[in-house]
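Shown here: target07.cif, mmCIF, C-alpha atoms and all ligand atoms.
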data_final
#
loop_
_atom_site.group_PDB
_atom_site.id
_atom_site.type_symbol
_atom_site.label_atom_id
_atom_site.label_comp_id
_atom_site.auth_asym_id
_atom_site.auth_seq_id
_atom_site.Cartn_x
_atom_site.Cartn_y
_atom_site.Cartn_z
ATOM 1 C CA PHE K 22 0.000 0.000 0.000
ATOM 2 C CA GLN K 23 1.541 3.294 -1.104
ATOM 3 C CA PRO K 24 0.893 5.877 1.616
ATOM 4 C CA LYS K 25 0.824 8.983 -0.609
ATOM 5 C CA LEU K 26 -1.760 7.886 -3.190
ATOM 6 C CA LEU K 27 -4.185 10.632 -2.112
ATOM 7 C CA ALA K 28 -1.646 13.247 -1.000
ATOM 8 C CA GLY K 29 -3.287 16.659 -0.670
ATOM 9 C CA ARG K 30 -6.699 15.405 -1.849
ATOM 10 C CA ARG K 31 -9.858 16.372 0.033
ATOM 11 C CA VAL K 32 -12.285 13.512 0.661
ATOM 12 C CA LEU K 33 -15.813 13.896 2.037
ATOM 13 C CA MET K 34 -17.598 10.743 3.200
ATOM 14 C CA THR K 35 -20.760 9.488 4.870
ATOM 15 C CA ALA K 36 -20.930 6.394 7.088
ATOM 16 C CA GLY K 37 -23.209 4.550 9.477
ATOM 17 C CA PRO K 38 -27.016 4.450 9.466
ATOM 18 C CA THR K 39 -29.455 7.323 9.712
ATOM 19 C CA PHE K 40 -32.149 7.479 12.400
ATOM 20 C CA GLU K 41 -35.540 8.917 11.481
ATOM 21 C CA ALA K 42 -37.440 9.908 14.639
ATOM 22 C CA LEU K 43 -41.053 8.846 15.148
ATOM 23 C CA ASP K 44 -41.331 10.234 18.661
ATOM 24 C CA PRO K 45 -38.804 11.039 21.439
ATOM 25 C CA VAL K 46 -38.057 7.335 22.052
ATOM 26 C CA ARG K 47 -38.623 5.584 18.718
ATOM 27 C CA GLY K 48 -37.571 5.781 15.114
ATOM 28 C CA LEU K 49 -36.769 4.042 11.850
ATOM 29 C CA THR K 50 -33.206 3.098 11.047
ATOM 30 C CA ASN K 51 -31.051 0.929 8.796
ATOM 31 C CA LEU K 52 -28.543 -1.694 9.930
ATOM 32 C CA SER K 53 -24.967 -0.386 9.707
ATOM 33 C CA SER K 54 -22.199 -0.480 12.303
ATOM 34 C CA GLY K 55 -20.121 2.163 10.511
ATOM 35 C CA LYS K 56 -17.118 -0.214 10.353
ATOM 36 C CA MET K 57 -16.721 -0.124 6.544
ATOM 37 C CA GLY K 58 -16.987 3.664 6.339
ATOM 38 C CA PHE K 59 -14.650 4.277 9.264
ATOM 39 C CA ALA K 60 -12.093 1.815 7.790
ATOM 40 C CA LEU K 61 -12.253 3.722 4.504
ATOM 41 C CA ALA K 62 -11.803 7.047 6.296
ATOM 42 C CA ARG K 63 -8.717 5.597 8.022
ATOM 43 C CA ALA K 64 -7.328 4.319 4.702
ATOM 44 C CA CYS K 65 -7.854 7.717 3.039
ATOM 45 C CA VAL K 66 -5.956 9.473 5.858
ATOM 46 C CA GLN K 67 -3.146 6.901 5.573
ATOM 47 C CA ALA K 68 -3.021 7.702 1.846
ATOM 48 C CA GLY K 69 -2.450 11.390 2.641
ATOM 49 C CA ALA K 70 -5.990 12.788 2.169
ATOM 50 C CA HIS K 71 -7.801 15.411 4.265
ATOM 51 C CA VAL K 72 -10.930 13.522 5.336
ATOM 52 C CA THR K 73 -14.279 14.858 6.539
ATOM 53 C CA LEU K 74 -16.595 12.092 7.761
ATOM 54 C CA VAL K 75 -20.312 12.742 8.234
ATOM 55 C CA SER K 76 -21.482 9.926 10.471
ATOM 56 C CA GLY K 77 -24.870 8.669 11.554
ATOM 57 C CA PRO K 78 -25.266 7.197 15.053
ATOM 58 C CA VAL K 79 -22.513 4.565 15.571
ATOM 59 C CA SER K 80 -20.404 3.556 18.558
ATOM 60 C CA LEU K 81 -16.960 3.828 16.966
ATOM 61 C CA PRO K 82 -14.046 6.100 17.886
ATOM 62 C CA THR K 83 -13.056 8.784 15.378
ATOM 63 C CA PRO K 84 -10.063 7.624 13.281
ATOM 64 C CA GLN K 85 -6.950 9.727 13.881
ATOM 65 C CA GLY K 86 -6.714 12.741 11.597
ATOM 66 C CA VAL K 87 -10.380 12.624 10.509
ATOM 67 C CA THR K 88 -12.729 15.610 10.891
ATOM 68 C CA ARG K 89 -16.018 14.088 12.080
ATOM 69 C CA ILE K 90 -19.510 15.592 11.920
ATOM 70 C CA ASP K 91 -22.172 13.591 13.783
ATOM 71 C CA VAL K 92 -25.764 13.590 12.535
ATOM 72 C CA GLN K 93 -28.940 11.570 13.146
ATOM 73 C CA SER K 94 -31.331 11.863 10.219
ATOM 74 C CA ALA K 95 -30.925 11.734 6.429
ATOM 75 C CA SER K 96 -31.943 15.400 6.184
ATOM 76 C CA GLN K 97 -29.232 16.365 8.682
ATOM 77 C CA MET K 98 -26.718 14.195 6.782
ATOM 78 C CA HIS K 99 -27.718 15.934 3.528
ATOM 79 C CA ASP K 100 -27.235 19.399 5.052
ATOM 80 C CA ALA K 101 -23.883 18.477 6.652
ATOM 81 C CA VAL K 102 -22.618 17.039 3.343
ATOM 82 C CA PHE K 103 -23.627 20.114 1.339
ATOM 83 C CA GLY K 104 -22.099 22.391 4.021
ATOM 84 C CA ALA K 105 -18.744 20.603 3.682
ATOM 85 C CA LEU K 106 -18.869 20.019 -0.099
ATOM 86 C CA PRO K 107 -17.108 23.114 -1.535
ATOM 87 C CA GLY K 108 -13.503 22.283 -2.470
ATOM 88 C CA GLN K 109 -13.800 18.484 -2.085
ATOM 89 C CA ASP K 110 -12.062 16.271 -4.671
ATOM 90 C CA VAL K 111 -13.914 13.054 -3.798
ATOM 91 C CA PHE K 112 -17.290 12.178 -2.253
ATOM 92 C CA ILE K 113 -17.843 8.633 -0.945
ATOM 93 C CA GLY K 114 -21.298 7.544 0.251
ATOM 94 C CA VAL K 115 -20.875 4.562 2.566
ATOM 95 C CA ALA K 116 -23.848 5.412 4.794
ATOM 96 C CA ALA K 117 -26.940 3.224 4.853
ATOM 97 C CA VAL K 118 -29.322 6.167 4.520
ATOM 98 C CA ALA K 119 -33.003 5.582 5.320
ATOM 99 C CA ASP K 120 -34.887 6.080 2.062
ATOM 100 C CA TYR K 121 -38.022 7.254 3.938
ATOM 101 C CA ARG K 122 -38.805 9.173 7.146
ATOM 102 C CA PRO K 123 -42.046 9.472 9.135
ATOM 103 C CA SER K 124 -44.047 12.423 7.786
ATOM 104 C CA GLN K 125 -44.336 13.733 11.352
ATOM 105 C CA ALA K 126 -42.203 13.195 14.441
ATOM 106 C CA ALA K 127 -44.479 13.368 17.504
ATOM 107 C CA ALA K 128 -43.287 15.776 20.205
ATOM 108 C CA ASP K 129 -44.501 13.397 22.937
ATOM 109 C CA LYS K 130 -44.217 9.634 23.270
ATOM 110 C CA ILE K 131 -46.905 7.914 21.187
ATOM 111 C CA LYS K 132 -49.270 5.923 23.462
ATOM 112 C CA LYS K 133 -50.722 2.602 22.402
ATOM 113 C CA SER K 134 -54.464 2.551 21.753
ATOM 114 C CA ALA K 135 -55.824 0.976 18.550
ATOM 115 C CA ASP K 136 -54.745 -2.514 17.391
ATOM 116 C CA THR K 137 -53.236 -1.127 14.217
ATOM 117 C CA LEU K 138 -51.201 1.994 13.607
ATOM 118 C CA THR K 139 -50.508 3.332 10.126
ATOM 119 C CA LEU K 140 -47.369 5.341 9.471
ATOM 120 C CA GLU K 141 -47.073 7.807 6.621
ATOM 121 C CA LEU K 142 -43.543 7.972 5.222
ATOM 122 C CA LEU K 143 -41.921 10.616 3.018
ATOM 123 C CA ARG K 144 -39.011 10.045 0.614
ATOM 124 C CA ASN K 145 -35.684 11.305 1.909
ATOM 125 C CA PRO K 146 -33.289 13.219 -0.350
ATOM 126 C CA ASP K 147 -30.751 11.034 -2.166
ATOM 127 C CA ILE K 148 -27.548 12.648 -0.933
ATOM 128 C CA LEU K 149 -25.163 10.867 -3.296
ATOM 129 C CA ALA K 150 -27.287 11.489 -6.397
ATOM 130 C CA ALA K 151 -27.646 15.162 -5.427
ATOM 131 C CA VAL K 152 -23.866 15.570 -5.011
ATOM 132 C CA ALA K 153 -23.165 13.779 -8.312
ATOM 133 C CA ALA K 154 -25.652 16.071 -10.085
ATOM 134 C CA GLN K 155 -23.773 19.249 -9.072
ATOM 135 C CA PRO K 156 -22.172 21.055 -12.050
ATOM 136 C CA ASP K 157 -18.742 20.987 -10.338
ATOM 137 C CA ALA K 158 -19.225 17.599 -8.689
ATOM 138 C CA PRO K 159 -16.237 15.832 -7.140
ATOM 139 C CA LEU K 160 -15.428 12.269 -8.172
ATOM 140 C CA CYS K 161 -18.370 10.327 -6.702
ATOM 141 C CA VAL K 162 -18.182 6.846 -5.203
ATOM 142 C CA GLY K 163 -21.277 4.940 -4.095
ATOM 143 C CA PHE K 164 -21.778 1.715 -2.186
ATOM 144 C CA ALA K 165 -24.474 -0.864 -2.899
ATOM 145 C CA ALA K 166 -25.482 -3.383 -0.232
ATOM 146 C CA GLU K 167 -27.732 -6.015 -1.754
ATOM 147 C CA SER K 168 -29.176 -9.361 -0.686
ATOM 148 C CA ARG K 169 -29.304 -10.651 -4.288
ATOM 149 C CA ASN K 170 -28.413 -9.687 -7.896
ATOM 150 C CA LEU K 171 -25.392 -7.625 -6.783
ATOM 151 C CA ASP K 172 -24.057 -7.108 -10.333
ATOM 152 C CA GLY K 173 -27.390 -5.884 -11.696
ATOM 153 C CA TYR K 174 -28.256 -3.507 -8.849
ATOM 154 C CA ALA K 175 -24.711 -2.154 -8.417
ATOM 155 C CA GLN K 176 -24.264 -1.459 -12.139
ATOM 156 C CA GLY K 177 -27.730 0.143 -12.138
ATOM 157 C CA LYS K 178 -26.623 2.535 -9.356
ATOM 158 C CA LEU K 179 -23.392 3.394 -11.230
ATOM 159 C CA GLN K 180 -25.450 4.597 -14.193
ATOM 160 C CA ALA K 181 -28.589 5.969 -12.491
ATOM 161 C CA LYS K 182 -26.649 8.130 -10.005
ATOM 162 C CA LYS K 183 -23.898 9.045 -12.553
ATOM 163 C CA LEU K 184 -21.042 7.751 -10.381
ATOM 164 C CA GLN K 185 -17.413 7.023 -11.270
ATOM 165 C CA LEU K 186 -17.216 3.987 -8.945
ATOM 166 C CA VAL K 187 -19.604 1.706 -7.055
ATOM 167 C CA VAL K 188 -18.470 -0.680 -4.318
ATOM 168 C CA GLY K 189 -20.887 -3.604 -4.205
ATOM 169 C CA ASN K 190 -21.267 -5.943 -1.249
ATOM 170 C CA LEU K 191 -23.758 -8.557 -0.079
ATOM 171 C CA VAL K 192 -25.467 -7.602 3.188
ATOM 172 C CA GLN K 193 -24.689 -11.019 4.684
ATOM 173 C CA ASP K 194 -20.945 -10.535 3.998
ATOM 174 C CA SER K 195 -20.772 -6.992 5.246
ATOM 175 C CA ILE K 196 -23.182 -5.482 7.769
ATOM 176 C CA GLY K 197 -21.664 -5.439 11.251
ATOM 177 C CA ARG K 198 -18.763 -7.705 10.292
ATOM 178 C CA ASP K 199 -15.027 -7.009 10.541
ATOM 179 C CA SER K 200 -14.405 -8.437 7.064
ATOM 180 C CA ASN K 201 -15.989 -7.871 3.668
ATOM 181 C CA ALA K 202 -16.063 -9.264 0.128
ATOM 182 C CA VAL K 203 -16.647 -6.507 -2.420
ATOM 183 C CA VAL K 204 -16.831 -6.044 -6.178
ATOM 184 C CA LEU K 205 -15.816 -2.700 -7.697
ATOM 185 C CA TYR K 206 -17.807 -1.427 -10.698
ATOM 186 C CA ASP K 207 -16.606 1.400 -12.926
ATOM 187 C CA ALA K 208 -16.716 2.431 -16.594
ATOM 188 C CA ALA K 209 -14.113 -0.251 -17.381
ATOM 189 C CA GLY K 210 -16.241 -3.056 -15.885
ATOM 190 C CA ARG K 211 -16.334 -5.328 -12.877
ATOM 191 C CA HIS K 212 -13.382 -5.866 -10.517
ATOM 192 C CA PRO K 213 -13.899 -8.429 -7.712
ATOM 193 C CA LEU K 214 -11.578 -8.054 -4.683
ATOM 194 C CA PRO K 215 -10.573 -10.995 -2.489
ATOM 195 C CA PRO K 216 -12.438 -11.285 0.859
ATOM 196 C CA ALA K 217 -10.389 -9.542 3.560
ATOM 197 C CA SER K 218 -10.591 -7.401 6.688
ATOM 198 C CA LYS K 219 -12.447 -4.127 6.195
ATOM 199 C CA ASP K 220 -9.134 -2.277 6.695
ATOM 200 C CA ASP K 221 -7.517 -4.268 3.853
ATOM 201 C CA VAL K 222 -10.562 -3.888 1.595
ATOM 202 C CA ALA K 223 -10.540 -0.138 2.306
ATOM 203 C CA GLN K 224 -6.877 0.147 1.231
ATOM 204 C CA ARG K 225 -7.642 -1.635 -2.041
ATOM 205 C CA ILE K 226 -10.612 0.669 -2.679
ATOM 206 C CA VAL K 227 -8.302 3.665 -2.094
ATOM 207 C CA SER K 228 -5.756 2.283 -4.593
ATOM 208 C CA HIS K 229 -8.475 1.867 -7.232
ATOM 209 C CA LEU K 230 -9.903 5.302 -6.485
ATOM 210 C CA ALA K 231 -6.477 6.939 -6.812
ATOM 211 C CA GLY K 232 -6.169 5.396 -10.282
ATOM 212 C CA LEU K 233 -9.499 6.936 -11.322
ATOM 213 C CA LEU K 234 -8.446 10.372 -10.016
ATOM 214 C CA LYS K 235 -5.354 10.523 -12.239
HETATM 215 O O1 LIG S 1 -21.479 -0.187 8.469
HETATM 216 P P1 LIG S 1 -21.133 -1.660 8.275
HETATM 217 O O2 LIG S 1 -21.780 -2.549 9.331
HETATM 218 O O3 LIG S 1 -19.634 -1.874 8.171
HETATM 219 O O4 LIG S 1 -21.773 -2.121 6.884
HETATM 220 C C1 LIG S 1 -21.294 -1.555 5.699
HETATM 221 C C2 LIG S 1 -22.413 -1.281 4.672
HETATM 222 C C3 LIG S 1 -23.052 -2.599 4.262
HETATM 223 C C4 LIG S 1 -23.486 -0.363 5.265
HETATM 224 C C5 LIG S 1 -21.700 -0.584 3.468
HETATM 225 O O5 LIG S 1 -20.653 -1.406 2.987
HETATM 226 C C6 LIG S 1 -22.684 -0.300 2.334
HETATM 227 O O6 LIG S 1 -22.862 -1.078 1.414
HETATM 228 N N1 LIG S 1 -23.322 0.922 2.373
HETATM 229 C C7 LIG S 1 -24.344 1.329 1.397
HETATM 230 C C8 LIG S 1 -25.674 0.802 1.842
HETATM 231 C C9 LIG S 1 -26.721 0.822 0.733
HETATM 232 O O7 LIG S 1 -27.248 -0.166 0.346
HETATM 233 O O8 LIG S 1 -26.994 1.909 0.214
HETATM 234 P P2 LIG S 1 -28.190 2.157 -0.862
HETATM 235 O O9 LIG S 1 -28.281 1.085 -1.880
HETATM 236 O O10 LIG S 1 -29.423 2.474 -0.074
HETATM 237 O O11 LIG S 1 -27.661 3.444 -1.523
HETATM 238 C C10 LIG S 1 -26.738 3.452 -2.614
HETATM 239 C C11 LIG S 1 -25.790 4.602 -2.411
HETATM 240 O O12 LIG S 1 -26.502 5.850 -2.319
HETATM 241 C C12 LIG S 1 -24.942 4.513 -1.149
HETATM 242 O O13 LIG S 1 -23.665 5.012 -1.457
HETATM 243 C C13 LIG S 1 -25.670 5.429 -0.151
HETATM 244 O O14 LIG S 1 -24.790 5.986 0.815
HETATM 245 C C14 LIG S 1 -26.245 6.498 -1.084
HETATM 246 N N2 LIG S 1 -27.538 7.074 -0.633
HETATM 247 C C15 LIG S 1 -28.662 6.308 -0.585
HETATM 248 C C16 LIG S 1 -29.874 6.867 -0.210
HETATM 249 C C17 LIG S 1 -29.920 8.242 0.138
HETATM 250 N N3 LIG S 1 -31.066 8.812 0.516
HETATM 251 N N4 LIG S 1 -28.793 8.980 0.098
HETATM 252 C C18 LIG S 1 -27.601 8.429 -0.294
HETATM 253 O O15 LIG S 1 -26.565 9.122 -0.316
#
Go ahead and express the file in the form of structure tokens.
Amino acid sequence: FQPKLLAGRRVLMTAGPTFEALDPVRGLTNLSSGKMGFALARACVQAGAHVTLVSGPVSLPTPQGVTRIDVQSASQMHDAVFGALPGQDVFIGVAAVADYRPSQAAADKIKKSADTLTLELLRNPDILAAVAAQPDAPLCVGFAAESRNLDGYAQGKLQAKKLQLVVGNLVQDSIGRDSNAVVLYDAAGRHPLPPASKDDVAQRIVSHLAGLLK
């Protein structure tokens, strides 16, 4: 691993889940420990980058040298990303962002009464797609966590969100684990990486990313 692959580059990232409040004690969330995103932040710093990490609620220490912004909801993550976006060379979306949020968050704890309760959900902003659509967008990297048809869904995200790179993983290989097995997808095709620790996988992603930046 060459330590200076990203020397002087500015990298903005998201990691972890988002939490969409329903009332003061409940909410909707996605499964994500933050391990993959934090490993990638560490690898980017080791490669010489200035890293800003917008993180949803996780219980991980901040990697050395990383500027961390903590958020809860997808809307807060969106605003934090756009606040930090000017001047970034690379944006990497590792976060498992909730696609929907409750249309209203109750100020007080919701009490049980009827046998059924219907929730109305609103679409959240797609942070990665919005960044990639900017006229002066940085190089954009997305992740795709799928339970099936990884190639199809990951390649679909590469095109639909206009990304330069997608890192595909199966949820059963990745969420909460210390290791991962990923496939990289870019304009040149499909590049499977050997299963390894998330730190090793992160270093290989950084090497590939540095090649795309040249
Ligand atoms: O945190 P770990 O336990 O280590 O697990 C790692 C991981 C499985 C969460 C990670 O490796 C991963 O795959 N993250 C992406 C999860 C996912 O499936 O994202 P998605 O398919 O919902 O979204 C695709 C891409 O768009 C992602 O880069 C996502 O960050 C981004 N996105 C999605 C929705 C949204 N509203 N805003 C976004 O930016």
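Using the PyMOL selection byres (((not hetatm)) within 6 of (chain S and resi 1)) on the file at hand returns these residues: Gly37, Ser53, Ser54, Gly55, Lys56, Met57, Gly114, Val115, Ala116, Ala117, Val118, Asp120, Asn145, Pro146, Asp147, Ile148, Leu149, Gly163, Phe164, Ala165, Ala166, Asn190, Val192, Ser195, Ile196 and Gly197 of chain K.
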### Query
With only C-alpha atoms as the basis for distance, which of K:Leu205, K:Ile90, K:Leu106, K:Val46 is at the shortest distance from Arg31 in chain K?
K:Leu106
Write out as a compact mmCIF listing (two decimals) with C-alpha atoms, keeping the file's coordinate frame which residues come within 12 Å of Lys130 in chain K when counting all atoms listed in the file, dropping same-chain ones fewer than 4 positions away.
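Wrote result_15.txt, looks like this:
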# COMPACT_ATOMS: atom_id res chain seq x y z
CA ALA K 42 -37.44 9.91 14.64
CA LEU K 43 -41.05 8.85 15.15
CA ASP K 44 -41.33 10.23 18.66
CA PRO K 45 -38.80 11.04 21.44
CA VAL K 46 -38.06 7.34 22.05
CA ARG K 47 -38.62 5.58 18.72
CA GLY K 48 -37.57 5.78 15.11
CA ALA K 126 -42.20 13.20 14.44
### Query
Quick one: of K:Ala64, K:Leu49, K:Ala150, K:Leu186, who's nearest to Gly232 in chain K, counting only C-alpha atoms?
K:Leu186
Counting only C-alpha atoms, note down every residue that has an atom within 7 Å of the point (-10.0, 16.2, 5.1) (file coordinates), as a short mmCIF file (atom, residue, chain, number, x, y, z; two decimals) with C-alpha atoms, in the coordinates of the input.
data_model
loop_
_atom_site.label_atom_id
_atom_site.label_comp_id
_atom_site.auth_asym_id
_atom_site.auth_seq_id
_atom_site.Cartn_x
_atom_site.Cartn_y
_atom_site.Cartn_z
CA ARG K 31 -9.86 16.37 0.03
CA VAL K 32 -12.28 13.51 0.66
CA LEU K 33 -15.81 13.90 2.04
CA ALA K 70 -5.99 12.79 2.17
CA HIS K 71 -7.80 15.41 4.26
CA VAL K 72 -10.93 13.52 5.34
CA THR K 73 -14.28 14.86 6.54
CA VAL K 87 -10.38 12.62 10.51
CA THR K 88 -12.73 15.61 10.89
#
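With CA of Gln109 in chain K on one side and CA of Gln176 in chain K on the other, the separation reads 24.7 Å.
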Considering only C-alpha atoms, return as a PDB file with C-alpha atoms, in the coordinates of the input whatever protein or nucleic-acid residues lie within 12 Å of Ala181 in chain K, sequence-local ones (same chain, fewer than 2 positions apart) excluded.
ATOM      1  CA  ASP K 147     -30.751  11.034  -2.166  1.00  0.00           C
ATOM      2  CA  LEU K 149     -25.163  10.867  -3.296  1.00  0.00           C
ATOM      3  CA  ALA K 150     -27.287  11.489  -6.397  1.00  0.00           C
ATOM      4  CA  ALA K 151     -27.646  15.162  -5.427  1.00  0.00           C
ATOM      5  CA  ALA K 153     -23.165  13.779  -8.312  1.00  0.00           C
ATOM      6  CA  ALA K 154     -25.652  16.071 -10.085  1.00  0.00           C
ATOM      7  CA  GLY K 163     -21.277   4.940  -4.095  1.00  0.00           C
ATOM      8  CA  GLY K 173     -27.390  -5.884 -11.696  1.00  0.00           C
ATOM      9  CA  TYR K 174     -28.256  -3.507  -8.849  1.00  0.00           C
ATOM     10  CA  ALA K 175     -24.711  -2.154  -8.417  1.00  0.00           C
ATOM     11  CA  GLN K 176     -24.264  -1.459 -12.139  1.00  0.00           C
ATOM     12  CA  GLY K 177     -27.730   0.143 -12.138  1.00  0.00           C
ATOM     13  CA  LYS K 178     -26.623   2.535  -9.356  1.00  0.00           C
ATOM     14  CA  LEU K 179     -23.392   3.394 -11.230  1.00  0.00           C
ATOM     15  CA  LYS K 183     -23.898   9.045 -12.553  1.00  0.00           C
ATOM     16  CA  LEU K 184     -21.042   7.751 -10.381  1.00  0.00           C
ATOM     17  CA  GLN K 185     -17.413   7.023 -11.270  1.00  0.00           C
ATOM     18  CA  VAL K 187     -19.604   1.706  -7.055  1.00  0.00           C
TER      19      VAL K 187
END
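Pairwise distance (CA of Ala95 in chain K, CA of Phe40 in chain K) equals 7.4 Å.
Here the question is which of K:Gln180, K:Ser76, K:Ser200, K:Gln224 gets nearest to Ala36 in chain K using all atoms listed in the file, and that residue is K:Ser76.
By only C-alpha atoms, and with residues fewer than 2 positions from Pro107 in chain K along its chain excluded, the set lying at most 10 Å from it is K:Leu33, K:Val102, K:Phe103, K:Gly104, K:Ala105, K:Gln109, K:Asp110, K:Asp157, K:Ala158, K:Pro159.
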### Message
Just the number, please: distance in Å from CA of Thr137 in chain K to CA of Thr39 in chain K, one decimal.
### Response
25.6 Å
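Of the listed residues K:Gln155, K:Ser124, K:Asn51, K:Gln67, the one whose atoms come nearest to Leu140 in chain K is K:Ser124, with distances taken using all atoms listed in the file.
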